[in-house]
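Chemist: Could you have a look at this structure, given as structure tokens, before my questions?
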Number of protein chains: 2
Amino acid sequence: MSSEKYAIGVDFGTESGRAAIVDVADGRMLATSVHPYSNGVIDERLPDLDIRLEPDWALQDPNDYIEVYKHAIPAALAESGVDPADVIGVGIDFTACTILPTRADGTPLCFLPEWRANPHAWVKLWKHHAAQPEANKLNAIAYEQGFGDIMDRYGGKISSEWFYPKAWQILDEAPDVYAASERLIEASDWVVWQLTGVETRNSCTAGYKAMWSKSEGFPPNAFFKALDPRLENIVDEKMTREILPLGARAGGLTPEAAAWTGLAPGTAVAIANVDAHVAVPAATVSKPGQMVIIMGTSNCHMVLGEQEAIVPGMCGVVEDGILPNMPGFEAGQSCVGDHFAWFVDNCVPAAYERQAEAEGRSVHELLEEKAAQLQPGESGLLALDWWNGNRSVLVDVDLTGLLIGATLSTKPEDIYRALIEATAYGTKMIVQTFKANGVAVDEIIATGGLPNHNKLLMQIYADVCGLPIYVAEAPQVPALGSAMHGAVSAGTDAGGYGDIVEASKHMARLREEHYVPIPEHAATYEKLYAEYVTLHDYFGRGANDVMKRLKEMKAGIQTG
Amino acid sequence: MSSEKYAIGVDFGTESGRAAIVDVADGRMLATSVHPYSNGVIDERLPDLDIRLEPDWALQDPNDYIEVYKHAIPAALAESGVDPADVIGVGIDFTACTILPTRADGTPLCFLPEWRANPHAWVKLWKHHAAQPEANKLNAIAYEQGFGDIMDRYGGKISSEWFYPKAWQILDEAPDVYAASERLIEASDWVVWQLTGVETRNSCTAGYKAMWSKSEGFPPNAFFKALDPRLENIVDEKMTREILPLGARAGGLTPEAAAWTGLAPGTAVAIANVDAHVAVPAATVSKPGQMVIIMGTSNCHMVLGEQEAIVPGMCGVVEDGILPNMPGFEAGQSCVGDHFAWFVDNCVPAAYERQAEAEGRSVHELLEEKAAQLQPGESGLLALDWWNGNRSVLVDVDLTGLLIGATLSTKPEDIYRALIEATAYGTKMIVQTFKANGVAVDEIIATGGLPNHNKLLMQIYADVCGLPIYVAEAPQVPALGSAMHGAVSAGTDAGGYGDIVEASKHMARLREEHYVPIPEHAATYEKLYAEYVTLHDYFGRGANDVMKRLKEMKAGIQTG
């Protein structure tokens, strides 16, 4: 045992889990190891069973999470050379809302032979979208029955991805599975339970995904009864009213979990967290005014506030949701990197592919270089970034993408740049909506995959938003954030930290390289953003619902 | 000399000229020969001279037209085996408005050493677009000075492609060339002059391109004076007030032209015609209610009326403009085949190119097959077909393309089909505008390149327009139409025809295969067309001029 102390962060993603060994003193990442889920995303048929899933389903196998503990932690430990006795705490983060039904002892129903063949017994992954009917019913009933004030905390709409629509889908379609579910639990809390032997529930998923509030608790039973009488007591029957703040100690490692991981029994384990939210302190942010954006296939925007505020169309505001004792606001864009990937897969001509290949680089890189040679406004194009609907401000999955300004001289790089700009306008719309409702946004801290790969995109975001953008230094920000929470759960006596703000000061850093708005670009983008707003409101706020009518027509044809 | 009689049609296109030998009895095409223009479209620098052209310029060399006579006619004659003595008449058609400045004897100024280095001395091709400032001035002044009734015959706007803007550009930029131009003449009339030694002017180009009307003649001198005092006497100084009807005899072949072509001196030559308009009787149409659409890179729509009518946004109405003694209406879409070519060049991924190559067919064919598998409405997409502006109904070159309804599952064939549909909606908009203003359109006769290549497109046009579509049989419809006019110019005594209606009855035919609207498709397209109309009016009639603002911004950046 040395005087150096280490924490472990485990980041459970959509396809794999990653363990990172982090120096508690300075946040240095000594080693990381990734373990892919052998059953991955289950969206066609149940593993080893000839049971097909309906469209929009997305399941996972909870055993895959345990395998991450068994493989990724020992591998990272071995690579780092760290003595397990010097590991003072473990934190985890997870995708959300990802839930599963279990027995009272935590055994997933899908582990039991009598339920294994029922898809509802498995983990419903965040991107399981088959609970849309339940979400629609919930949203309608909540307002009819006078629960609009709760809904306002979530921008007026509960997503089909969240806790109650998914739970209600089980009840609607498999009441026997619902009845056999002694617990309905976030996978994040379930994996902590597997380490500690103790069932806990964290404030982040409870707040953002299950309508919990620190001051008011869960919605009253009357709310659930209004949805469906059988749901009346869901909180007391399947959940718990005891919600713990982030960074709190969930428990100590059980001997069994110690054997899986190679860590010492009793090692502190933090309350679960969500991948996006855990990134905030890992991106150095622990006060209002700094918006953290996780930029990847989609964008997630998080900012701390001075007090709770109702901001139209955000994903949620939760006291203690990101950092203790501050309201955390979340918003999102459902299609960012996905946008560019769609474009590269479907719209880039063979000549560009050949050129990229000849120059030994990716089509993305080639497009970025060509698009970077354009001035703002030079493409003559403007797009609405709704290829995957609109998740924040308008909160409408039935909106679709628009491109305007095309001519016979429009080139692929013009469209590529217009798509980047469109996502930047979408972010500016979110920033402006926060500001207009009293939530300050003075600078942006970016993290995720895109900031490392696309400097053009970063500069465009700075120019469009008119804000400086900094980039978090750590290569694996969520894993760092989880390790930081692990260090907090261990506490100062064990060589950790008293709170996450303290941990952030020591363990998180920004890169030197950052992006500052170029005044002439910002001026042009002001004008283009005004055009974006006009189109955004015309197509998004009911003046012309053509997008929805087209989508309805398409759905009508596809279903027969 | 046999009892069979033949006529020759010469079709002068943008890149080459084509001669066809046609049997006068039944319109059978015995042989055709194409001769490319050696100087093609001159849009970068003058041939053999280091003189660069400005953007938007497009010139030609009149010598290239003479070369067509010298090569294509003898070649076609030789191939056909026809005795030149049995050729009773020659007709020509040309692109329009394509004009050149000449001396009084017809010598092009660009043939003279003192003017050869001046770009304004050359032929200004139809797609020379550098006279837009003059067109803008003309359109503004015409209304200010009370000549709106003349303008109404042209949908309220004179195009920069037409006669006076091009002539005025010469005056503005090269007054010495203007002064030295004893004649300003359509290339169509000039090539007839070269065959006959007689200067004539045809009613088609005079009417559609130079604001002439059978009942009122040219606009009064006061109109031209209002534009620019130096233009006051342009008609008497550079043109002529004697305008001849289509099918009239311009003269007989000169000995020199006979030597070029291998035909007999004195062979009848018809008054010049325009490629699009000459196709109408060649597509069997000689009465109201049948719209001829020439479908190629762009669409040209022509229909005969019972009486003159003012139809908003058409290209023009001219008595005698298509057939004698009937008003001919013309409208157009500036981007049809060009649309699909742009898409294939810029938006089709490498995987599709590889698949097409492996299957030994073109990307167009592959896309057509994939798009044909979609039902109307199934793509979820809608487009405005304004990639090259809007030429009819709105008459606004500053409008641009729009695509709406894109999602992450949108495929190239979805977009391809949406672009085809958009051009079909554009045609329906023209049809509906004619009908709403008292000009009947009961069926469509298609000709041009597209009807031969794209059955899907033809069916979509039938479904969208709700009209049957027939296809002209001749492989080279304009050349047939020109030969028909040649046969009329020869007259009945020589074995030709008394008028073009008679010629059309004998020489023109439709194919058996035609396209009839599929009722369920037509019903879906009714709904989609309603959406198109809403967007067409919103973006095209001033509610939101975003397209123009984007284009202005782009132009501002590109010019400095």
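By order of appearance in the structure tokens: chains A, B, ..., then residues from 1 within every chain, and ligands from 1 in the order shown.
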Which chain A residues have any atom within 6 Å of an atom of chain B, and for each, what is the nearest pair of atoms with distance in Å to one decimal, counting only C-alpha atoms, rows sorted by chain and number, as a Markdown table?
Modeler:
| residue | atom | partner | partner_atom | distance |
| --- | --- | --- | --- | --- |
| A:Asn346 | CA | B:Pro349 | CA | 5.6 |
| A:Cys347 | CA | B:Cys347 | CA | 4.3 |
| A:Val348 | CA | B:Pro349 | CA | 5.0 |
| A:Pro349 | CA | B:Pro349 | CA | 4.6 |
| A:Ala350 | CA | B:Ala350 | CA | 3.9 |
| A:Gly377 | CA | B:Lys554 | CA | 5.6 |
| A:Glu378 | CA | B:Lys554 | CA | 4.5 |
| A:Gly380 | CA | B:Leu550 | CA | 5.1 |
| A:Trp387 | CA | B:Thr407 | CA | 4.1 |
| A:Asn388 | CA | B:Thr407 | CA | 5.8 |
| A:Thr400 | CA | B:Gly405 | CA | 4.8 |
| A:Gly401 | CA | B:Ala406 | CA | 4.4 |
| A:Leu402 | CA | B:Ile404 | CA | 4.3 |
| A:Leu403 | CA | B:Leu403 | CA | 5.2 |
| A:Ile404 | CA | B:Leu402 | CA | 4.3 |
| A:Gly405 | CA | B:Thr400 | CA | 4.8 |
| A:Ala406 | CA | B:Gly401 | CA | 4.4 |
| A:Thr407 | CA | B:Trp387 | CA | 4.1 |
| A:Leu408 | CA | B:Trp387 | CA | 5.6 |
| A:Met547 | CA | B:Gly405 | CA | 5.8 |
| A:Leu550 | CA | B:Gly380 | CA | 5.1 |
| A:Lys551 | CA | B:Gly380 | CA | 5.5 |
| A:Lys554 | CA | B:Glu378 | CA | 4.5 |
Chemist: Identify, on the basis of only C-alpha atoms, every residue whose closest approach to Val274 (chain A) does not exceed 7 Å; exclude the query and any residue fewer than 4 positions from it along the same chain; express the result as an mmCIF file with C-alpha atoms, in the first residue's frame.
Modeler:
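Result saved to selection02.cif:
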data_model
loop_
_atom_site.group_PDB
_atom_site.id
_atom_site.type_symbol
_atom_site.label_atom_id
_atom_site.label_comp_id
_atom_site.auth_asym_id
_atom_site.auth_seq_id
_atom_site.Cartn_x
_atom_site.Cartn_y
_atom_site.Cartn_z
ATOM 1 C CA ASP A 93 -22.239 5.838 -14.751
ATOM 2 C CA PHE A 94 -24.789 4.379 -17.080
ATOM 3 C CA THR A 95 -27.037 5.174 -20.017
ATOM 4 C CA ALA A 96 -30.491 6.332 -18.965
ATOM 5 C CA CYS A 204 -30.118 11.905 -11.124
ATOM 6 C CA VAL A 278 -21.314 12.632 -14.402
#
Chemist: Have a look at A:Met211, A:Val10, A:Ile73, A:Ala424 and name the one nearest to Gly155 (chain A); count only C-alpha atoms.
Modeler: A:Met211
Chemist: Apply DSSP to the backbone of this structure and, from region 503-558 of chain B, keep only the residues in alpha helix (DSSP H); write these as a PyMOL selection string.
Modeler: chain B and resi 503-507+519-540+546-558
Chemist: For Glu502 (chain B), work out the shell of residues within 10 Å, counting only C-alpha atoms and skipping chain neighbours fewer than 6 positions away, then give it as a PyMOL selection string.
Modeler: chain B and resi 281+286+484+488+496
Chemist: Those selected residues, please, written with N, CA, C and O atoms and delivered as a compact mmCIF listing (two decimals), in the first residue's frame.
Modeler:
# COMPACT_ATOMS: atom_id res chain seq x y z
N PRO B 281 -46.33 20.54 -83.92
CA PRO B 281 -47.02 19.76 -84.97
C PRO B 281 -46.34 18.41 -85.20
O PRO B 281 -47.00 17.45 -85.61
N SER B 286 -52.29 19.97 -83.31
CA SER B 286 -52.63 21.14 -84.12
C SER B 286 -53.95 21.74 -83.68
O SER B 286 -54.60 22.44 -84.43
N MET B 484 -41.05 19.03 -91.72
CA MET B 484 -42.46 19.28 -92.04
C MET B 484 -42.65 20.71 -92.53
O MET B 484 -43.37 20.96 -93.52
N VAL B 488 -43.93 22.16 -96.16
CA VAL B 488 -44.97 23.19 -96.33
C VAL B 488 -44.44 24.35 -97.17
O VAL B 488 -45.14 24.88 -98.05
N GLY B 496 -45.38 18.91 -101.68
CA GLY B 496 -45.40 19.14 -100.24
C GLY B 496 -46.84 19.33 -99.75
O GLY B 496 -47.77 18.71 -100.28
Chemist: If you run DSSP on the backbone, which residues of region 287-485 of chain B are strand (DSSP E), as number ranges by chain?
Modeler: B: 289-295, 299-304, 316-319, 327-333, 382-384, 401-406, 441-447, 469-471
Chemist: For region 212-229 of chain B, find every residue with an atom within 7 Å (counting only C-alpha atoms), except residues of its own chain fewer than 6 positions away, and show them as a tab-separated table (two decimals) with C-alpha atoms, in the first residue's frame.
Modeler:
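And here's selection_39.tsv as it stands now:
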chain	number	residue	atom	x	y	z
B	138	LEU	CA	-36.49	46.77	-68.63
B	141	ILE	CA	-39.25	50.74	-66.55
B	206	ALA	CA	-40.27	37.76	-82.89
B	318	VAL	CA	-48.06	34.69	-79.43
B	319	GLU	CA	-50.63	34.57	-82.24
Chemist: Using only C-alpha atoms, which residue out of B:Gly156, B:Gly262, B:Gly247, B:Gly540 lies closest to Gly321 (chain B)?
Modeler: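 Using only C-alpha atoms, Gly321 (chain B) sits closest to B:Gly247.
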Chemist: Show which residues sit within 7 Å of Thr284 (chain A), as a list in words. Count only C-alpha atoms, and ignore same-chain residues fewer than 6 positions away.
Modeler: Ser504, Lys505, Ala508 and Arg509 of chain A
Chemist: Which residues, written as number ranges by chain, have at least one atom at most 10 Å from Asp43 (chain B), with only C-alpha atoms counted and residues fewer than 5 positions away on the same chain left out?
Modeler: B: 52-60, 125, 128
Chemist: Go ahead and dump the residues you just picked, N, CA, C and O atoms, as a CSV table (one decimal), in the first residue's frame.
Modeler:
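Everything below was put into result.csv:
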chain,number,residue,atom,x,y,z
B,52,ARG,N,-10.5,36.7,-71.9
B,52,ARG,CA,-11.4,35.9,-71.0
B,52,ARG,C,-12.8,36.5,-70.9
B,52,ARG,O,-13.0,37.7,-71.1
B,53,LEU,N,-13.8,35.7,-70.7
B,53,LEU,CA,-15.2,36.1,-70.6
B,53,LEU,C,-15.5,36.2,-69.1
B,53,LEU,O,-15.0,35.5,-68.3
B,54,GLU,N,-16.5,37.2,-68.8
B,54,GLU,CA,-17.0,37.3,-67.5
B,54,GLU,C,-17.9,36.1,-67.1
B,54,GLU,O,-18.3,35.4,-68.0
B,55,PRO,N,-18.2,35.9,-65.9
B,55,PRO,CA,-19.1,34.9,-65.5
B,55,PRO,C,-20.5,35.1,-66.2
B,55,PRO,O,-20.8,36.2,-66.5
B,56,ASP,N,-21.2,34.1,-66.4
B,56,ASP,CA,-22.6,34.1,-67.0
B,56,ASP,C,-22.6,34.4,-68.5
B,56,ASP,O,-23.7,34.5,-69.1
B,57,TRP,N,-21.4,34.5,-69.1
B,57,TRP,CA,-21.4,34.7,-70.5
B,57,TRP,C,-21.5,33.3,-71.2
B,57,TRP,O,-21.0,32.3,-70.7
B,58,ALA,N,-22.1,33.3,-72.4
B,58,ALA,CA,-22.2,32.1,-73.2
B,58,ALA,C,-22.3,32.5,-74.7
B,58,ALA,O,-23.3,33.1,-75.1
B,59,LEU,N,-21.2,32.3,-75.4
B,59,LEU,CA,-21.2,32.8,-76.8
B,59,LEU,C,-21.1,31.6,-77.8
B,59,LEU,O,-20.9,30.4,-77.3
B,60,GLN,N,-21.3,31.8,-79.1
B,60,GLN,CA,-21.0,30.8,-80.1
B,60,GLN,C,-20.4,31.5,-81.3
B,60,GLN,O,-20.4,32.7,-81.5
B,125,LEU,N,-25.5,33.2,-77.0
B,125,LEU,CA,-26.3,32.0,-76.9
B,125,LEU,C,-27.5,32.2,-76.0
B,125,LEU,O,-27.4,33.0,-75.1
B,128,HIS,N,-26.7,32.7,-72.4
B,128,HIS,CA,-25.9,33.8,-71.9
B,128,HIS,C,-26.7,34.6,-70.9
B,128,HIS,O,-27.8,35.1,-71.3
Chemist: Env of Ala483 (chain A): 7 Å cut, atoms = only C-alpha atoms, seq-sep filter 5 positions within chain, self excluded. Answer as a ChimeraX atom specification.
Modeler: /A:7-9,22,90-91
Chemist: For a quick check of understanding, using only C-alpha atoms, which of A:Ala264, A:Ala309, A:Val441, A:Ala180 has the smallest distance to Cys110 (chain A)?
Modeler: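 For Cys110 (chain A), the nearest of the given residues is A:Ala180.
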